[in-house]
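Next comes model24.txt, with compact mmCIF, C-alpha atoms.
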# COMPACT_ATOMS: atom_id res chain seq x y z
CA MET L 978 -142.58 -112.89 11.61
CA VAL L 979 -143.26 -115.28 8.77
CA PHE L 980 -141.69 -114.79 5.37
CA ALA L 981 -143.27 -116.28 2.28
CA LEU L 982 -141.15 -118.85 0.45
CA ARG L 983 -140.40 -118.07 -3.17
CA SER L 984 -140.02 -120.42 -6.08
CA ALA L 985 -136.61 -120.97 -7.69
CA ALA L 986 -137.41 -118.87 -10.73
CA THR L 987 -138.38 -115.80 -8.76
CA ILE L 988 -135.35 -116.19 -6.49
CA ARG L 989 -133.04 -116.14 -9.50
CA HIS L 990 -134.77 -113.08 -10.91
CA VAL L 991 -134.69 -111.34 -7.57
CA VAL L 992 -131.04 -112.24 -7.00
CA ALA L 993 -130.12 -110.86 -10.41
CA ARG L 994 -131.94 -107.64 -9.64
CA ASN L 995 -130.57 -107.26 -6.14
CA ILE L 996 -126.99 -108.12 -6.90
CA LEU L 997 -126.60 -104.73 -8.47
CA SER L 998 -127.56 -103.07 -5.21
CA GLN L 999 -125.24 -105.17 -3.05
CA ARG L 1000 -122.59 -103.89 -0.77
CA SER L 1001 -119.48 -106.01 -1.28
CA PHE L 1002 -116.92 -106.48 1.45
CA THR L 1003 -114.10 -107.72 -0.79
CA THR L 1004 -111.22 -105.54 -1.77
CA THR L 1005 -111.32 -106.41 -5.45
CA GLN L 1006 -114.59 -104.90 -6.48
CA CYS L 1007 -116.53 -102.49 -4.34
CA ALA L 1008 -120.07 -102.09 -5.60
CA THR L 1009 -121.69 -98.86 -4.52
CA SER L 1010 -125.11 -98.98 -2.96
CA SER L 1011 -127.89 -97.94 -5.30
CA HIS L 1012 -129.76 -96.30 -2.43
CA GLY L 1013 -127.52 -93.28 -2.76
CA LEU L 1014 -128.00 -89.80 -1.40
CA MET L 1015 -129.45 -87.30 -3.80
CA ARG L 1016 -128.81 -83.84 -2.56
CA LEU L 1017 -130.93 -82.11 -5.16
CA LYS L 1018 -133.85 -84.45 -4.75
CA GLU L 1019 -133.84 -83.97 -0.99
CA TYR L 1020 -133.72 -80.21 -1.47
CA TYR L 1021 -136.61 -80.38 -3.89
CA ASP L 1022 -138.72 -82.55 -1.60
CA SER L 1023 -138.06 -80.57 1.55
CA THR L 1024 -137.93 -76.97 0.36
CA LEU L 1025 -138.33 -76.32 -3.32
CA SER L 1026 -141.63 -78.09 -4.01
CA GLU L 1027 -143.48 -76.10 -1.35
CA ASP L 1028 -142.00 -72.82 -2.53
CA LEU L 1029 -142.78 -73.62 -6.13
CA MET L 1030 -146.35 -74.49 -5.25
CA THR L 1031 -146.73 -71.07 -3.65
CA LEU L 1032 -144.95 -69.22 -6.46
CA THR L 1033 -146.84 -70.92 -9.28
CA TYR L 1034 -150.21 -70.67 -7.52
CA ASP L 1035 -152.93 -69.14 -9.66
CA HIS L 1036 -156.26 -68.52 -7.97
CA SER L 1037 -158.19 -68.28 -11.20
CA ARG L 1038 -157.20 -71.78 -12.25
CA ALA L 1039 -156.99 -73.62 -8.94
CA ALA L 1040 -158.32 -77.20 -8.85
CA PRO L 1041 -161.61 -77.78 -7.04
CA SER L 1042 -161.12 -78.32 -3.33
CA ILE L 1043 -159.87 -81.65 -2.13
CA TYR L 1044 -161.31 -82.76 1.15
CA LYS L 1045 -159.10 -83.62 4.09
CA TYR L 1046 -160.58 -87.07 4.57
CA PRO L 1047 -160.19 -89.32 1.51
CA ASP L 1048 -163.15 -91.52 2.47
CA ILE L 1049 -165.52 -88.59 2.24
CA GLN L 1050 -163.84 -87.56 -1.01
CA VAL L 1051 -164.47 -90.97 -2.54
CA GLN L 1052 -168.11 -90.99 -1.47
CA LEU L 1053 -168.66 -87.50 -2.81
CA ASP L 1054 -167.01 -88.40 -6.13
CA ARG L 1055 -169.21 -91.45 -6.48
CA ALA L 1056 -172.36 -89.49 -5.68
CA LEU L 1057 -171.38 -86.80 -8.19
CA ALA L 1058 -170.56 -89.42 -10.84
CA VAL L 1059 -173.99 -91.02 -10.41
CA LYS L 1060 -175.65 -87.63 -10.70
CA GLU L 1061 -173.68 -86.85 -13.88
CA GLU L 1062 -174.73 -90.13 -15.47
CA GLU L 1063 -178.40 -89.41 -14.77
CA GLU L 1064 -178.07 -85.97 -16.33
CA LYS L 1065 -176.36 -87.41 -19.38
CA GLU L 1066 -179.12 -89.95 -19.91
CA GLN L 1067 -181.72 -87.20 -19.74
CA LYS L 1068 -179.81 -85.15 -22.29
CA GLN L 1069 -179.43 -88.08 -24.65
CA GLN L 1070 -183.15 -88.73 -24.55
CA GLU L 1071 -183.84 -85.13 -25.46
CA VAL L 1072 -181.13 -84.79 -28.09
CA ASN L 1073 -181.28 -88.20 -29.73
CA VAL L 1074 -181.30 -87.08 -33.33
CA GLN L 1075 -178.19 -84.87 -33.16
CA GLU L 1076 -174.75 -86.45 -33.55
CA GLU L 1077 -172.49 -86.88 -30.58
CA GLN L 1078 -170.90 -83.50 -30.21
CA GLU L 1079 -169.79 -84.17 -26.68
CA GLN L 1080 -166.26 -84.93 -27.64
CA SER L 1081 -163.35 -84.45 -25.31
CA LYS L 1082 -161.58 -81.12 -25.38
CA GLU L 1083 -158.55 -82.76 -26.93
CA ALA L 1084 -160.41 -84.09 -29.97
CA VAL L 1085 -162.06 -80.75 -30.73
CA ARG L 1086 -158.85 -78.73 -30.62
CA THR L 1087 -157.04 -78.76 -33.96
CA ARG L 1088 -154.63 -76.57 -35.82
CA LYS L 1089 -154.49 -75.74 -39.51
CA GLY L 1090 -152.34 -78.13 -41.42
CA GLY L 1091 -152.67 -80.80 -38.75
CA LYS L 1092 -149.84 -79.30 -36.74
CA PRO L 1093 -149.33 -80.62 -33.20
CA VAL L 1094 -151.44 -78.99 -30.54
CA LYS L 1095 -150.05 -77.90 -27.18
CA PRO L 1096 -151.16 -79.88 -24.12
CA ILE L 1097 -153.80 -78.24 -21.95
CA GLN L 1098 -152.54 -76.94 -18.64
CA PRO L 1099 -154.43 -78.75 -15.87
CA PRO L 1100 -155.87 -76.76 -12.95
CA LYS L 1101 -153.31 -75.99 -10.24
CA SER L 1102 -153.12 -78.43 -7.38
CA ALA L 1103 -150.62 -80.00 -5.00
CA SER L 1104 -149.91 -82.74 -7.56
CA THR L 1105 -149.16 -80.38 -10.46
CA ILE L 1106 -146.07 -78.74 -8.99
CA PRO L 1107 -143.31 -78.32 -11.60
CA GLY L 1108 -140.53 -80.86 -11.16
CA LEU L 1109 -137.74 -82.47 -13.12
CA ASP L 1110 -138.92 -85.36 -15.24
CA LYS L 1111 -135.81 -86.30 -17.22
CA ILE L 1112 -132.60 -84.84 -18.64
CA THR L 1113 -131.52 -85.66 -22.17
CA LEU L 1114 -127.93 -85.25 -23.32
CA HIS L 1115 -127.39 -85.20 -27.04
CA ALA L 1116 -124.42 -84.67 -29.33
CA MET L 1117 -124.41 -84.68 -33.10
CA VAL L 1118 -120.98 -85.50 -34.45
CA LYS L 1119 -120.63 -84.28 -38.00
CA ASP L 1120 -117.39 -86.21 -38.61
CA ALA L 1121 -119.36 -89.41 -38.21
CA ILE L 1122 -120.56 -88.93 -41.77
CA HIS L 1123 -117.28 -90.04 -43.30
CA SER L 1124 -116.31 -92.45 -40.53
CA LYS L 1125 -118.57 -93.84 -37.86
CA HIS L 1126 -115.59 -94.45 -35.59
CA ASN L 1127 -115.65 -90.73 -34.85
CA LEU L 1128 -118.69 -91.36 -32.69
CA LEU L 1129 -116.74 -93.47 -30.24
CA SER L 1130 -115.12 -90.57 -28.43
CA ALA L 1131 -118.46 -88.89 -27.76
CA PHE L 1132 -119.94 -92.26 -26.78
CA MET L 1133 -117.20 -92.86 -24.23
CA ALA L 1134 -117.37 -89.30 -22.94
CA PHE L 1135 -121.12 -89.53 -22.36
CA GLN L 1136 -120.74 -92.85 -20.66
CA SER L 1137 -118.13 -91.43 -18.32
CA ILE L 1138 -120.17 -88.36 -17.46
CA THR L 1139 -123.49 -90.03 -16.86
CA SER L 1140 -122.60 -93.64 -15.95
CA THR L 1141 -125.36 -94.87 -18.26
CA ARG L 1142 -124.91 -96.56 -21.59
CA PRO L 1143 -125.65 -94.01 -24.35
CA GLU L 1144 -127.65 -94.82 -27.45
CA VAL L 1145 -126.67 -94.03 -31.00
CA VAL L 1146 -128.85 -91.64 -32.97
CA TYR L 1147 -129.44 -92.56 -36.61
CA ALA L 1148 -130.32 -90.06 -39.32
CA ARG L 1149 -134.03 -89.74 -40.02
CA THR L 1150 -133.67 -88.26 -43.51
CA SER L 1151 -130.97 -87.89 -46.14
CA VAL L 1152 -129.37 -84.49 -46.69
CA ALA L 1153 -127.32 -84.36 -49.88
CA ASN L 1154 -125.46 -81.16 -48.97
CA TRP L 1155 -123.83 -82.85 -46.01
CA LYS L 1156 -123.57 -86.26 -47.71
CA LEU L 1157 -125.84 -87.63 -45.03
CA ARG L 1158 -127.84 -90.78 -45.78
CA GLU L 1159 -130.87 -92.04 -43.90
CA GLY L 1160 -130.09 -94.57 -41.21
CA MET L 1161 -126.50 -93.43 -40.82
CA PRO L 1162 -125.23 -93.22 -37.21
CA ILE L 1163 -124.73 -89.52 -36.67
CA GLY L 1164 -125.12 -88.74 -32.96
CA VAL L 1165 -125.13 -89.98 -29.40
CA LYS L 1166 -127.87 -89.53 -26.84
CA VAL L 1167 -128.42 -90.30 -23.17
CA THR L 1168 -131.72 -90.11 -21.28
CA LEU L 1169 -131.33 -89.66 -17.54
CA ARG L 1170 -134.03 -90.26 -14.97
CA GLY L 1171 -134.20 -90.51 -11.21
CA GLU L 1172 -131.00 -90.82 -9.24
CA GLU L 1173 -128.71 -90.52 -12.27
CA MET L 1174 -130.48 -87.38 -13.34
CA TYR L 1175 -130.05 -85.67 -9.98
CA GLN L 1176 -126.38 -86.66 -9.76
CA PHE L 1177 -125.68 -85.29 -13.22
CA MET L 1178 -127.56 -82.10 -12.46
CA ASP L 1179 -125.58 -81.70 -9.25
CA LYS L 1180 -122.30 -81.97 -11.17
CA LEU L 1181 -123.53 -79.51 -13.72
CA ILE L 1182 -124.66 -76.91 -11.21
CA GLU L 1183 -121.76 -77.11 -8.79
CA ILE L 1184 -118.81 -77.79 -11.07
CA VAL L 1185 -119.41 -77.23 -14.77
CA LEU L 1186 -121.62 -74.14 -14.97
CA PRO L 1187 -119.55 -72.00 -12.61
CA ARG L 1188 -116.43 -72.74 -14.67
CA LEU L 1189 -117.90 -71.90 -18.07
CA LYS L 1190 -116.14 -68.99 -19.64
CA GLU L 1191 -118.19 -65.91 -20.54
CA TRP L 1192 -121.56 -67.44 -19.86
CA PRO L 1193 -123.93 -64.92 -18.24
CA GLY L 1194 -126.68 -67.47 -17.65
CA LEU L 1195 -129.86 -68.66 -19.34
CA GLN L 1196 -132.06 -66.13 -21.06
CA LEU L 1197 -135.23 -65.07 -19.32
CA THR L 1198 -137.06 -66.01 -22.50
CA ALA L 1199 -135.70 -69.58 -22.44
CA GLY L 1200 -138.12 -72.43 -22.88
CA ASP L 1201 -139.86 -74.39 -25.61
CA GLY L 1202 -143.36 -73.23 -24.71
CA ASN L 1203 -144.16 -76.39 -22.77
CA GLY L 1204 -141.88 -75.84 -19.80
CA ASN L 1205 -138.79 -77.66 -21.09
CA ILE L 1206 -135.49 -75.81 -21.32
CA ALA L 1207 -132.45 -76.71 -23.41
CA LEU L 1208 -128.86 -75.58 -23.04
CA GLY L 1209 -125.98 -76.02 -25.45
CA PHE L 1210 -122.34 -76.53 -24.46
CA PRO L 1211 -119.16 -76.02 -26.46
CA ALA L 1212 -116.59 -78.78 -26.74
CA SER L 1213 -114.46 -77.15 -24.04
CA ALA L 1214 -117.24 -77.73 -21.51
CA LEU L 1215 -116.68 -81.48 -21.71
CA ALA L 1216 -113.25 -81.04 -20.17
CA LEU L 1217 -114.79 -79.43 -17.08
CA PHE L 1218 -116.54 -82.59 -15.94
CA PRO L 1219 -114.66 -84.29 -13.09
CA GLU L 1220 -114.68 -87.67 -14.87
CA ILE L 1221 -113.02 -86.27 -17.96
CA GLU L 1222 -110.84 -83.64 -16.29
CA GLY L 1223 -108.32 -86.21 -15.12
CA SER L 1224 -107.98 -88.25 -18.30
CA PHE L 1225 -108.26 -85.53 -20.87
CA ASP L 1226 -105.85 -87.11 -23.39
CA VAL L 1227 -107.78 -90.33 -23.60
CA TYR L 1228 -110.49 -88.73 -25.71
CA PRO L 1229 -109.28 -88.02 -29.25
CA LYS L 1230 -112.10 -85.66 -30.11
CA MET L 1231 -114.12 -83.50 -27.73
CA THR L 1232 -117.59 -82.64 -29.00
CA GLY L 1233 -120.08 -80.01 -28.02
CA PHE L 1234 -123.42 -81.27 -26.75
CA ASP L 1235 -126.80 -80.06 -25.61
CA VAL L 1236 -128.64 -80.75 -22.38
CA ILE L 1237 -132.43 -80.70 -22.36
CA PHE L 1238 -134.26 -80.39 -19.06
CA ASN L 1239 -137.69 -81.98 -19.45
CA THR L 1240 -139.89 -80.74 -16.65
CA THR L 1241 -143.45 -81.38 -15.57
CA ALA L 1242 -144.17 -77.65 -15.94
CA TYR L 1243 -146.65 -76.53 -18.58
CA THR L 1244 -145.40 -72.99 -19.11
CA ASN L 1245 -141.99 -71.43 -19.62
CA THR L 1246 -142.38 -69.36 -16.46
CA ASP L 1247 -142.83 -72.45 -14.34
CA GLY L 1248 -139.94 -74.22 -16.03
CA ARG L 1249 -137.66 -71.26 -15.46
CA LEU L 1250 -138.78 -71.00 -11.85
CA LEU L 1251 -137.89 -74.64 -11.31
CA LEU L 1252 -134.44 -74.36 -12.84
CA SER L 1253 -133.64 -71.13 -11.02
CA GLY L 1254 -134.68 -72.91 -7.83
CA PHE L 1255 -131.95 -75.43 -8.58
CA SER L 1256 -129.43 -72.56 -8.71
CA ILE L 1257 -129.08 -72.47 -12.47
CA PRO L 1258 -128.12 -68.85 -13.22
CA PHE L 1259 -130.38 -66.69 -15.35
CA LYS L 1260 -129.32 -63.52 -17.11
CA THR L 1261 -131.16 -60.84 -15.12
CA LYS L 1262 -131.07 -57.14 -15.94
CA ASN L 1263 -128.61 -56.23 -13.17
CA MET H 118 -127.81 -101.38 -13.14
CA LEU H 119 -126.44 -98.17 -11.77
CA SER H 120 -123.58 -99.33 -9.61
CA ILE H 121 -122.29 -101.98 -12.01
CA VAL H 122 -122.34 -99.71 -15.05
CA ARG H 123 -120.71 -96.94 -13.06
CA HIS H 124 -118.02 -99.29 -11.90
CA SER H 125 -117.49 -100.82 -15.33
CA CYS H 126 -117.19 -97.31 -16.74
CA GLN H 127 -114.55 -96.52 -14.13
CA LYS H 128 -112.70 -99.71 -14.97
CA GLN H 129 -112.76 -98.92 -18.65
CA GLN H 130 -111.49 -95.43 -17.98
CA ASN H 131 -108.72 -96.72 -15.73
CA LEU H 132 -107.67 -99.15 -18.45
CA LEU H 133 -107.52 -96.39 -21.01
CA ARG H 134 -105.62 -94.11 -18.69
CA GLN H 135 -102.97 -96.72 -17.91
CA VAL H 136 -102.29 -97.49 -21.56
CA VAL H 137 -102.10 -93.85 -22.59
CA ALA H 138 -99.84 -93.01 -19.62
CA VAL H 139 -97.34 -95.61 -20.79
CA ARG H 140 -97.43 -94.25 -24.30
CA HIS H 141 -97.00 -90.61 -23.31
CA ASN H 142 -94.30 -91.16 -20.75
CA SER H 143 -91.54 -89.89 -22.99
CA THR H 144 -93.35 -87.05 -24.77
CA GLY H 145 -91.91 -83.59 -24.98
CA GLY H 146 -93.46 -80.90 -27.20
CA ALA H 147 -96.19 -81.16 -29.81
CA ARG H 148 -95.67 -83.84 -32.43
CA PRO H 149 -98.24 -83.36 -35.23
CA ASP H 150 -97.06 -86.41 -37.19
CA ASN H 151 -97.73 -88.78 -34.36
CA ASN H 152 -101.10 -87.20 -33.57
CA VAL H 153 -102.90 -89.13 -36.29
CA GLN H 154 -101.34 -92.39 -35.15
CA ASN H 155 -102.16 -91.69 -31.53
CA GLY H 156 -105.72 -90.69 -32.46
CA ASP H 157 -106.21 -93.92 -34.38
CA THR H 158 -104.84 -96.08 -31.60
CA ARG H 159 -106.91 -94.24 -29.03
CA VAL H 160 -110.06 -94.75 -31.07
CA GLU H 161 -109.21 -98.42 -31.51
CA LEU H 162 -108.66 -98.73 -27.79
CA ILE H 163 -111.95 -97.00 -26.97
CA ARG H 164 -113.76 -99.27 -29.39
CA ARG H 165 -112.28 -102.37 -27.80
CA VAL H 166 -112.99 -101.16 -24.28
CA LEU H 167 -116.61 -100.26 -25.06
CA PHE H 168 -117.68 -103.19 -27.16
CA GLU H 169 -115.23 -106.01 -26.57
CA SER H 170 -115.02 -106.05 -22.79
CA PRO H 171 -115.25 -109.60 -21.48
CA ALA H 172 -118.56 -110.49 -19.89
CA ARG H 173 -118.23 -110.99 -16.17
CA GLU H 174 -120.29 -113.04 -13.76
CA PRO H 175 -121.91 -111.23 -10.87
CA THR H 176 -119.51 -111.32 -7.94
CA ILE H 177 -122.11 -111.64 -5.22
CA LYS H 178 -124.61 -114.46 -5.05
CA LEU H 179 -126.86 -114.36 -2.03
CA GLU H 180 -128.62 -117.50 -1.00
CA GLY H 181 -131.04 -118.65 1.65
CA LYS H 182 -131.09 -116.75 4.92
CA ALA H 183 -128.80 -113.95 3.76
CA LEU H 184 -131.00 -113.38 0.74
CA GLU H 185 -134.11 -113.27 2.92
CA GLU H 186 -132.48 -110.76 5.21
CA HIS H 187 -131.42 -108.60 2.31
CA GLU H 188 -134.86 -108.63 0.78
CA THR H 189 -136.51 -107.79 4.08
CA ILE H 190 -134.28 -104.78 4.48
CA GLU H 191 -134.99 -103.70 0.92
CA ARG H 192 -138.70 -103.99 1.42
CA ALA H 193 -138.60 -102.17 4.75
CA TRP H 194 -136.64 -99.33 3.18
CA LYS H 195 -139.08 -99.07 0.29
CA LEU H 196 -141.97 -99.03 2.72
CA HIS H 197 -140.30 -96.28 4.69
CA LYS H 198 -139.77 -94.24 1.54
CA MET H 199 -143.36 -94.79 0.46
CA ARG H 200 -144.66 -93.56 3.81
CA GLN H 201 -142.40 -90.51 3.61
CA ARG H 202 -143.67 -89.78 0.11
CA GLU H 203 -147.28 -90.03 1.17
CA GLN H 204 -146.64 -87.82 4.20
CA ARG H 205 -145.04 -85.23 1.95
CA GLN H 206 -147.94 -85.33 -0.49
CA GLN H 207 -150.45 -84.85 2.32
CA THR H 208 -148.49 -81.89 3.62
CA LEU H 209 -148.50 -80.30 0.19
CA GLU H 210 -152.23 -80.84 -0.20
CA ARG H 211 -152.88 -79.29 3.19
CA GLN H 212 -150.77 -76.29 2.26
CA PHE H 213 -152.53 -75.93 -1.06
CA ARG H 214 -155.91 -76.01 0.64
CA SER H 215 -154.88 -73.31 3.08
CA ILE H 216 -153.52 -71.12 0.27
CA HIS H 217 -156.78 -71.54 -1.62
CA LEU H 218 -158.81 -70.69 1.46
CA ALA H 219 -156.67 -67.67 2.26
CA MET H 220 -156.95 -66.31 -1.29
CA SER H 221 -160.72 -66.78 -1.28
CA GLU H 222 -161.00 -64.88 1.99
CA LEU H 223 -158.72 -62.15 0.66
CA GLU H 224 -160.80 -61.83 -2.47
CA LYS H 225 -163.85 -61.15 -0.32
CA ALA H 226 -162.00 -58.86 2.08
CA SER H 227 -160.03 -56.43 -0.12
CA ASP H 228 -159.84 -56.04 -3.88
CA ARG H 229 -156.54 -54.08 -3.82
CA LEU H 230 -154.79 -56.59 -1.59
CA PHE H 231 -156.10 -59.48 -3.64
CA LYS H 232 -154.70 -57.98 -6.85
CA GLY H 233 -151.41 -57.37 -5.05
CA ALA H 234 -151.25 -61.01 -4.01
CA ILE H 235 -151.43 -62.28 -7.59
CA VAL H 236 -148.09 -62.97 -9.30
CA LYS H 237 -148.03 -60.96 -12.50
CA SER H 238 -144.50 -61.20 -13.88
CA ARG H 239 -143.65 -63.93 -16.37
CA HIS H 240 -139.98 -63.63 -15.62
CA ILE H 241 -139.92 -64.35 -11.91
CA THR H 242 -136.98 -66.40 -10.80
CA TYR H 243 -136.05 -67.98 -7.54
CA PRO H 244 -133.65 -65.75 -5.54
CA LYS H 245 -129.99 -66.40 -6.36
CA GLN H 246 -129.01 -66.10 -2.72
CA ALA H 247 -131.04 -69.17 -1.81
CA LYS H 248 -128.30 -71.73 -2.44
CA ILE H 249 -128.84 -75.45 -2.12
CA PRO H 250 -127.74 -76.52 1.37
CA THR H 251 -124.41 -78.30 1.68
CA GLU H 252 -123.10 -80.73 4.24
CA THR H 253 -120.18 -78.55 5.23
CA PRO H 254 -119.97 -74.75 5.40
CA SER H 255 -118.01 -72.78 2.83
CA PRO H 256 -114.24 -72.38 3.31
CA GLN H 257 -114.75 -68.62 3.44
CA GLY H 258 -117.22 -68.90 6.29
CA TRP H 259 -120.23 -66.63 6.64
CA ASP H 260 -120.09 -63.43 4.63
CA TYR H 261 -121.11 -60.77 7.16
CA SER H 262 -120.46 -57.91 4.75
CA TYR H 263 -122.89 -59.14 2.10
CA LYS H 264 -125.35 -56.53 0.86
CA HIS H 265 -128.37 -57.39 -1.28
CA SER H 266 -128.18 -55.39 -4.51
CA THR H 267 -131.39 -53.36 -4.80
CA GLU H 268 -132.62 -52.63 -8.32
Using the file provided, produce a representation of the structure as structure tokens.
Amino acid sequence: MVFALRSAATIRHVVARNILSQRSFTTTQCATSSHGLMRLKEYYDSTLSEDLMTLTYDHSRAAPSIYKYPDIQVQLDRALAVKEEEEKEQKQQEVNVQEEQEQSKEAVRTRKGGKPVKPIQPPKSASTIPGLDKITLHAMVKDAIHSKHNLLSAFMAFQSITSTRPEVVYARTSVANWKLREGMPIGVKVTLRGEEMYQFMDKLIEIVLPRLKEWPGLQLTAGDGNGNIALGFPASALALFPEIEGSFDVYPKMTGFDVIFNTTAYTNTDGRLLLSGFSIPFKTKN
Amino acid sequence: MLSIVRHSCQKQQNLLRQVVAVRHNSTGGARPDNNVQNGDTRVELIRRVLFESPAREPTIKLEGKALEEHETIERAWKLHKMRQREQRQQTLERQFRSIHLAMSELEKASDRLFKGAIVKSRHITYPKQAKIPTETPSPQGWDYSYKHSTE
């Protein structure tokens, strides 16, 4: 086997990138491998995705059939594309005077007042199965208005829970009633993707949610209309996380926070199906 | 980034814990007067730990043959994962095709059965009993007396 030699610059870049995924054999610092096990992801890949595909299947809006052999698929697509172009040319010759009304669906759809329009649900296929895209943690700390040092506790708490560096949220507008000025640091936010997201979700499902007091589960009407679901936690919930449980006194001020599950689902039903598949309890009638 | 940040977070937490343990060693009941002081010192400590931690050099520097070996393993693993992903995607596409075919056949065969096969409810949820598999069984063992609650 022959390995290509790399230049010095790329070696340095690659070393910097790979150092973080090293396994150290010293006793001083033990770096964990970044190729960790993700229980929830494995469950999703092996079981949940297939079940969700079956449960969210809709025969009236199924994508046109995909052929088993990709070579044939490519040839067919090309042949169809050529045919479409010929038809378009014919149409343009006939309808030359009229303006181009063949706009995309997205451009034609508008709402009164220029309000944002919902994305169009694509036809169902094996690549449009609902899945977790990202999880966003967010806490607005009202005490940060009179002293921005009050944000530090929430910052540290988020960092401990998620093992990612949070970002500070600055006020978009000024609100005189709360003495809030634009640009003031007022909240903390963390965006989790990939491995971090699954680890956090695992902690939430196995440890935090079962220990919440008097929480019957998510509503069956939960969802923002586009398949994303948000959940709010009181300040006491922060103490349930294993990272904070042990060193409770270190944090001067516990804050409530919200967790937003951004999914690749297009409807609330699909989003709820996904989350219930991950064992997040929903408040059913019985 | 993951492992280093996680470890630096742990280190910061350990630091905080040690200092606060020393301070609280002699505490008894609630002392409201000292709370403000403690809160201020804790905040100061958190601030220092978060933003004034000394920058550290990476502990491991691979060079030459060891680096090559490491990179080969990384690439092989990524290739393996990619192949797994593609295999999974093909399986899903095959399943989707067979569902589509089955539904088309059902539509032709029986109208009643076809309507029955369509999911109508907007509030369907995954069954609660289908828990995510764990590496070890539960301490209570298998619940033989479990009965599914019928609505």
Selection: 10 Å around H:Ile216, all atoms listed in the file, excl. self and same-chain fewer than 3 positions, as number ranges by chain: L: 1030-1031, 1034, 1036; H: 210-213, 219-222
Using all atoms listed in the file, which protein or nucleic acid residues come within 10 Å of L:Pro1096? Drop anything in the same chain fewer than 3 positions from it, and give the result as a PyMOL selection string. chain L and resi 1083+1093+1099+1203+1243
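Nearest residue to chain H, choosing from L:Glu1063, L:Asp1226, L:Asp1120, L:Glu1191 and counting all atoms listed in the file: L:Asp1226.
Comparing the minimum interatomic distances between L:Gly1254 and each of L:Ser1026, L:Thr1139, L:Ser1124, L:Gln1052, counting all atoms listed in the file, we find that L:Ser1026 sits nearest.
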Please determine, counting only C-alpha atoms, which residue among L:Leu1250, L:Ile1112, L:Leu1169, L:Ile1122 has the shortest atom-to-atom distance to chain H. L:Leu1250
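Minimum distance to L:Thr1033 across L:Pro1162, L:Pro1100, L:Gly1090, L:Pro1219 (counting only C-alpha atoms) occurs at L:Pro1100.
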If I take atom CA of L:Met1117 and atom CA of L:Ile1163, how far is one from the other in Å, to one decimal? 6.0 Å
Need the shell around L:Leu1129: protein/DNA/RNA residues with any atom at most 7 Å away, counting all atoms listed in the file. Skip same-chain ones fewer than 6 positions apart. Format as a PyMOL selection string? chain H and resi 160+163-164
File dump, residues just selected, C-alpha atoms, as a tab-separated table (two decimals), keeping the file's coordinate frame:
chain	number	residue	atom	x	y	z
H	160	VAL	CA	-110.06	-94.75	-31.07
H	163	ILE	CA	-111.95	-97.00	-26.97
H	164	ARG	CA	-113.76	-99.27	-29.39
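Minimum atom-to-atom distances from L:Glu1220, L:Asp1247, L:Glu1071, L:Asp1028 to H:Ala247 were compared using all atoms listed in the file, and the lowest value belongs to L:Asp1028.
Residues with any atom within 10 Å of L:Tyr1228, counting all atoms listed in the file and excluding same-chain neighbours fewer than 4 positions away, are Leu1129, Ser1130, Ala1131, Met1133, Ala1134, Ala1216, Ile1221, Ser1224 and Thr1232 of chain L; Leu133, Gly156, Arg159, Val160 and Ile163 of chain H.
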Please save C-alpha atoms of the selected residues as a PDB file, keeping the file's coordinate frame.
ATOM      1  CA  LEU L1129    -116.740 -93.470 -30.240  1.00  0.00           C
ATOM      2  CA  SER L1130    -115.120 -90.570 -28.430  1.00  0.00           C
ATOM      3  CA  ALA L1131    -118.460 -88.890 -27.760  1.00  0.00           C
ATOM      4  CA  MET L1133    -117.200 -92.860 -24.230  1.00  0.00           C
ATOM      5  CA  ALA L1134    -117.370 -89.300 -22.940  1.00  0.00           C
ATOM      6  CA  ALA L1216    -113.250 -81.040 -20.170  1.00  0.00           C
ATOM      7  CA  ILE L1221    -113.020 -86.270 -17.960  1.00  0.00           C
ATOM      8  CA  SER L1224    -107.980 -88.250 -18.300  1.00  0.00           C
ATOM      9  CA  THR L1232    -117.590 -82.640 -29.000  1.00  0.00           C
TER      10      THR L1232
ATOM     11  CA  LEU H 133    -107.520 -96.390 -21.010  1.00  0.00           C
ATOM     12  CA  GLY H 156    -105.720 -90.690 -32.460  1.00  0.00           C
ATOM     13  CA  ARG H 159    -106.910 -94.240 -29.030  1.00  0.00           C
ATOM     14  CA  VAL H 160    -110.060 -94.750 -31.070  1.00  0.00           C
ATOM     15  CA  ILE H 163    -111.950 -97.000 -26.970  1.00  0.00           C
TER      16      ILE H 163
END
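Minimum atom-to-atom distances from L:Val1085, L:Gly1204, L:His1126, L:Ile1106 to H:Arg165 were compared using only C-alpha atoms, and the lowest value belongs to L:His1126.
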Atom pair atom CA of H:Arg214 + atom CA of L:Pro1041, distance 9.7 Å
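If you look at atom CA of L:Pro1211 and atom CA of L:Gly1233, they are 4.4 Å away from each other.
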So which residues touch stretch 1016-1022 of chain L within 10 Å, counting all atoms listed in the file, skipping near sequence neighbours fewer than 2 positions away, as a PyMOL selection string? (chain L and resi 1013-1014+1024-1029+1108-1109+1171-1172+1174-1176+1178-1179+1251+1254-1255) or (chain H and resi 202+205-206+249-252)
